[in-house]
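One structure is given here, and the rest of the page talks about it.
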Amino acid sequence: MTELNNQQKQLLFDYCLGLTSEEVTAEVEQLIASNKQAAEIHSKLKTALSPLKTLESDLCPDSLAEGTIWRLKNVARSSQLRLEQLLADEQAKTVTDKVRFWKNLGEVIAAAAVIVFVAGVLIAPLSLARQKSRQQACLMQLQRIGQGINSYSSDHDGQLPAVATAMGDPWWKVGYQGKENYSNTRRIWLLVKGGYVKPANFVCPGRSRCRTAQLDPSQVQNYNDFPSRKYVTYSFRIRCSKAGEESSRGRKVLAADSNPLFESLPDDYSKPLKLEPNIDSLILNSINHNHRGQNVLSCDGSTEFVKSRQIGTSKDDIFTLQDTDTYKGVEVPTRETDAFLAP
């Protein structure tokens, strides 16, 4: 087993805090998969940090944040200037003064400590601001999807996008390009094919390791569904088995950030699906926003960010089917009040 260096350990720490870029994230995940020591460190860090998931961040007042950052910047600037002066003095000396050396070293360490402190204070607010920005960008994308659905509905006598499906069709096979209308996203792909919504709007900005579809109009027409799950990170309502044609009117939930129950679906469509959700997946919010909540789109075009999976007065869980413990990828709600969003 190869011993990890300090840089690799730092990357593991940053990865557990969610501070790595997409490229670095892929590198760290490969390291965890191939190195036993990295896997052990990752497991211990996740265990140590898990209690933080239960904490909710409160926004700092703008005036306090701005004043604090202004003071820290001044301290850091002053310390940096002092550090530069100390280094210049040291270079100009021709005789080493041990007493002076240790005094200067102490001042250098103090200056470095201030810089580290400033960085530590700024990381949390910047991380929160980045999360809020991604939530807002995601909300705007869902609004565009809602606008596209509304335009489609106006052009099709008030009906939502739909394709011919049969009871028992596997709605989980996103990316299947055969003639059968299998996946639940194939009807949503009609919005792309019709030019109602751009492909990029179906990838949540808060989701890592997913790809924005870069397809020209001729390529779009060649696909019957999204190219793969990486190109769509939202979940859409499964139609009720007892419903007639689905209308675009009302406040029922139409779409939301990705369903946490179906994060690990098989890529081999030839094998049957049998998924028994564990306790975590039954309580977690969407992974799109690090389980802090999910943006939700209603049929009337309204959108909101919610921190709970239970929606409406009935407190229905939008990510599960009522009275269902095992999913085979062919289930549908038996009543309109049982909202169920799936890939």
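Following the order of the structure tokens, chains are lettered A, B, ..., residues in each are numbered from 1, and ligands are numbered from 1.
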Determine, using only C-alpha atoms, which residues of segment 172-203 of chain A have any atom at most 8 Å from an atom of segment 230-238 of chain A, and tabulate each with its shortest atom pair and distance in Å to one decimal place, rows ordered by chain and then rising number, as a Markdown table.
```
| residue | atom | partner | partner_atom | distance |
| --- | --- | --- | --- | --- |
| A:Asn184 | CA | A:Ile238 | CA | 7.0 |
| A:Thr185 | CA | A:Phe236 | CA | 7.3 |
| A:Pro199 | CA | A:Tyr231 | CA | 7.8 |
| A:Phe202 | CA | A:Val232 | CA | 4.9 |
| A:Val203 | CA | A:Thr233 | CA | 5.2 |
```
Check the DSSP output for the backbone and give back, as JSON, numbers by chain, the residues of segment 132-300 of chain A in strand (DSSP E or B).
{"A": [159, 234, 235, 236, 237, 247, 253, 254, 255, 256, 257, 275, 294, 295, 296, 297, 298]}
Which residue out of A:Lys315, A:Arg207, A:Lys9, A:His156 has the minimum interatomic distance to Ala137 of chain A when only C-alpha atoms are used?
A:Arg207
List the spatial neighbours of His289 of chain A as an NGL selection string - criterion: any atom at most 7 Å away, only C-alpha atoms, same-chain residues fewer than 3 positions off excluded.
:A and (206-207 or 286 or 292-294)
Let's have the selection written as a short mmCIF file (atom, residue, chain, number, x, y, z; two decimals), in the first residue's frame, with N, CA and C atoms.
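Final file, result_33.cif:
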```
data_model
loop_
_atom_site.label_atom_id
_atom_site.label_comp_id
_atom_site.auth_asym_id
_atom_site.auth_seq_id
_atom_site.Cartn_x
_atom_site.Cartn_y
_atom_site.Cartn_z
N GLY A 206 -25.77 22.83 -8.75
CA GLY A 206 -25.18 22.37 -7.49
C GLY A 206 -24.70 20.94 -7.53
N ARG A 207 -24.89 20.27 -8.63
CA ARG A 207 -24.56 18.85 -8.75
C ARG A 207 -23.20 18.67 -9.40
N SER A 286 -32.41 15.92 -1.43
CA SER A 286 -31.70 15.67 -2.68
C SER A 286 -30.21 15.90 -2.55
N ARG A 292 -29.27 19.53 1.71
CA ARG A 292 -29.81 20.64 2.51
C ARG A 292 -31.27 20.93 2.18
N GLY A 293 -31.75 20.41 1.07
CA GLY A 293 -33.11 20.66 0.63
C GLY A 293 -33.20 20.48 -0.87
N GLN A 294 -34.33 20.86 -1.44
CA GLN A 294 -34.49 20.73 -2.88
C GLN A 294 -35.42 21.82 -3.43
#
```
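The shortest atom-to-atom distance to Lys271 of chain A, with only C-alpha atoms taken into account, belongs to A:Pro170 out of A:Gly194, A:Gly178, A:Gly148, A:Pro170.
Compared by their closest atoms to Tyr176 of chain A, and using only C-alpha atoms, the residues A:Leu191, A:Asn150, A:Phe262, A:Tyr269 rank with A:Tyr269 nearest.
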Excluding Arg309 of chain A and its own-chain neighbours fewer than 3 positions away, which residues fall within 8 Å of it when counting only C-alpha atoms? Please give them as a list in words.
Ile283, Asn285, Gly293, Val306, Asp316, Asp317, Ile318 and Phe319 of chain A
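Minimum atom-to-atom distance to Arg130 of chain A, evaluated using only C-alpha atoms, belongs to A:Pro205 out of A:Lys328, A:Pro205, A:Ser314, A:Cys299.
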Could you pull out the residues in segment 131-308 of chain A that DSSP calls alpha helix (DSSP H) from the backbone, as a ChimeraX atom specification?
/A:131-155,186-193,217-222
So what do you get for atom CA of Gly301 of chain A versus atom CA of Glu331 of chain A, distance-wise?
26.0 Å
When distances are computed from only C-alpha atoms, which of A:Ser270, A:Thr337, A:Asn278, A:Asn288 shows the smallest separation from Ser258 of chain A?
A:Asn288
Atom CA of Pro277 of chain A to atom CA of Trp172 of chain A, distance in Å rounded to a single decimal
15.0 Å
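For the set A:Gln143, A:Ser154, A:Ser228, A:Glu336, the residue with the smallest atom-to-atom gap to Ala256 of chain A is A:Gln143, counting only C-alpha atoms.
The two atoms in question, atom CA of Ser302 of chain A and atom CA of Gly146 of chain A, are spaced 7.9 Å apart.
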